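Note sheet for the following structure.
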Amino acid sequence: FEDDINDLLKFVEYFPDFPKPGILYKDVLSVLNDRNGMQLLEKILKQISLQLMGKIDCVAMLETRGYIIGPIIALQLSVPCIPVSKKGNLPGTLIEQSYTLEYGEDILTIQLNSIKKGQRILLVDDFLATGGTLKAASNLIKKSGGDIVQGLVLMEKCDLEGRKRLDFPIISLISD
Ligand code: PRP
Ligand code: MG
């Protein structure tokens with residue numbers, strides 16, 4: 001498993017001054033630009049799914065890049081996968097939550113009744129920085145009666161200590 005993670009690191013691409021000057025953007029999903037990288041990501045996510053088998057009733061995936069990881073894991077676990085989306089991108093009756101990002105502010109939404117009361121939720125995203133996004137998403141899921149039992153991100157920016165803001169355990173593939 002460790003070797004796979006080290007191999008995954010080689011596919012991370014670095015973009016200085018994105019999305020704003022002074023921010024070094026680490027793009028884990030550049031792994032998808034490469035056939036071998038994609039297969040490696042799938043292999044790693046399958047191994048993690050094995051650990052979570054039988055413990056999850058629904059995967060909640062964060063827009064934008066969580067959408068790519070969520071279905072891979074949900075298929076492995078044979079559970080549904082629901083979107084937690086930026087305001088304006090989901091139809092129907094929504095529950096909203098505003099939040100602060102490392103760079104800016106936004107509103108997250110989920111569709112009313114997309115989560116059933118008492119469901120054990122796995123929350124997935126690409127990146128954990130300040131934890132503001134996962135915190136807002138977890139508030140939404142709790143409002144819907146869901147029980148977040150696990151979080152999963154591809155990469156964690158450890159010095160921001162985002163996981164300390166969260167009251168559920170986080171698996172991060174790459175610690176930065
Ligand atoms: C990025 C990233 C995480 C979030 C992490 O998303 O994809 O979702 O920031 O930051 P935090 O832990 O400080 O909340 P962003 O909102 O920039 O947009 P995107 O996912 O649509 O690219
Ligand atoms: Mg995001």
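Scheme for the structure tokens: letters A, B, ... for chains in order shown; per-chain residue numbers from 1; ligand numbers from 1 in order shown.
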
List all protein, DNA and RNA residues that have any atom at most 6 Å from ligand 1, counting only C-alpha atoms and all ligand atoms, and write the list as a VMD selection string.
-> chain A and resid 63 to 65 101 to 102 125 to 133

Suppose we keep N, CA and C atoms; can you now write the selection as a CSV table (one decimal), in the first residue's frame?
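Done, and the output landed in part03.csv:
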chain,number,residue,atom,x,y,z
A,63,GLU,N,-18.6,18.4,-4.6
A,63,GLU,CA,-18.3,19.0,-5.9
A,63,GLU,C,-17.0,19.9,-5.6
A,64,THR,N,-16.1,19.9,-6.5
A,64,THR,CA,-16.1,19.4,-7.8
A,64,THR,C,-15.4,18.0,-7.9
A,65,ARG,N,-14.2,17.9,-7.3
A,65,ARG,CA,-13.4,16.8,-7.6
A,65,ARG,C,-13.7,15.6,-6.8
A,101,LEU,N,-13.7,29.5,2.7
A,101,LEU,CA,-12.7,28.7,2.1
A,101,LEU,C,-11.3,29.3,2.4
A,102,GLU,N,-10.2,28.6,2.1
A,102,GLU,CA,-8.9,29.1,2.2
A,102,GLU,C,-8.8,30.4,1.3
A,125,ASP,N,-13.8,13.9,-0.7
A,125,ASP,CA,-13.3,15.0,-1.4
A,125,ASP,C,-11.9,14.8,-1.9
A,126,ASP,N,-11.4,15.7,-2.7
A,126,ASP,CA,-10.0,15.5,-3.2
A,126,ASP,C,-9.0,16.1,-2.2
A,127,PHE,N,-9.4,17.1,-1.4
A,127,PHE,CA,-8.4,17.9,-0.7
A,127,PHE,C,-8.9,18.4,0.6
A,128,LEU,N,-8.1,18.2,1.7
A,128,LEU,CA,-8.5,18.8,3.0
A,128,LEU,C,-7.4,19.9,3.3
A,129,ALA,N,-7.9,21.2,3.4
A,129,ALA,CA,-7.0,22.3,3.7
A,129,ALA,C,-7.4,22.8,5.1
A,130,THR,N,-8.3,23.9,5.1
A,130,THR,CA,-8.7,24.4,6.4
A,130,THR,C,-9.8,23.5,7.0
A,131,GLY,N,-10.4,22.6,6.2
A,131,GLY,CA,-11.5,21.8,6.7
A,131,GLY,C,-12.9,22.5,6.6
A,132,GLY,N,-12.9,23.7,6.2
A,132,GLY,CA,-14.1,24.5,6.1
A,132,GLY,C,-15.2,23.8,5.2
A,133,THR,N,-14.7,23.2,4.1
A,133,THR,CA,-15.6,22.5,3.1
A,133,THR,C,-16.2,21.3,3.7

Out of range 6-160 of chain A, which residues get helix (DSSP H, G or I) from DSSP, as a PyMOL selection string?
-> chain A and resi 6-9+28-33+35-52+66-77+132-143+158-160

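The list of residues with at least one atom within 9 Å of Met53 in chain A, based on only C-alpha atoms and without residues fewer than 5 positions apart in the same chain, reads Ile48, Gln76, Leu77 and Ser78 of chain A.
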
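From CA of Ala74 in chain A back to CA of Ser49 in chain A, the distance works out to 8.4 Å.
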
Pick out each residue of range 42-163 of chain A that DSSP on the backbone tags as strand (DSSP E); I need them as a PyMOL selection string.
-> chain A and resi 58-62+81-86+94-101+104-111+120-128+147-156

Pull the closest atom pair for each residue of range 27-56 of chain A that gets at most 12 Å from range 144-149 of chain A, along with the distance in Å to one decimal, counting only C-alpha atoms, ordering rows by chain and then ascending residue number, as CSV.
residue,atom,partner,partner_atom,distance
A:Leu52,CA,A:Val149,CA,10.0
A:Gly54,CA,A:Val149,CA,11.9
A:Lys55,CA,A:Val149,CA,8.2
A:Ile56,CA,A:Val149,CA,7.7

Save the residues we just selected, C-alpha atoms, as a compact mmCIF listing (two decimals), in the first residue's frame?
# COMPACT_ATOMS: atom_id res chain seq x y z
CA LEU A 52 -14.87 0.19 4.80
CA GLY A 54 -20.18 -3.17 5.52
CA LYS A 55 -19.62 0.05 7.47
CA ILE A 56 -21.07 2.57 4.99

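The closest residue to Cys81 in chain A, picked from A:Ile174, A:Ile107, A:Ile44, A:Ile121 and counting only C-alpha atoms, is A:Ile121.
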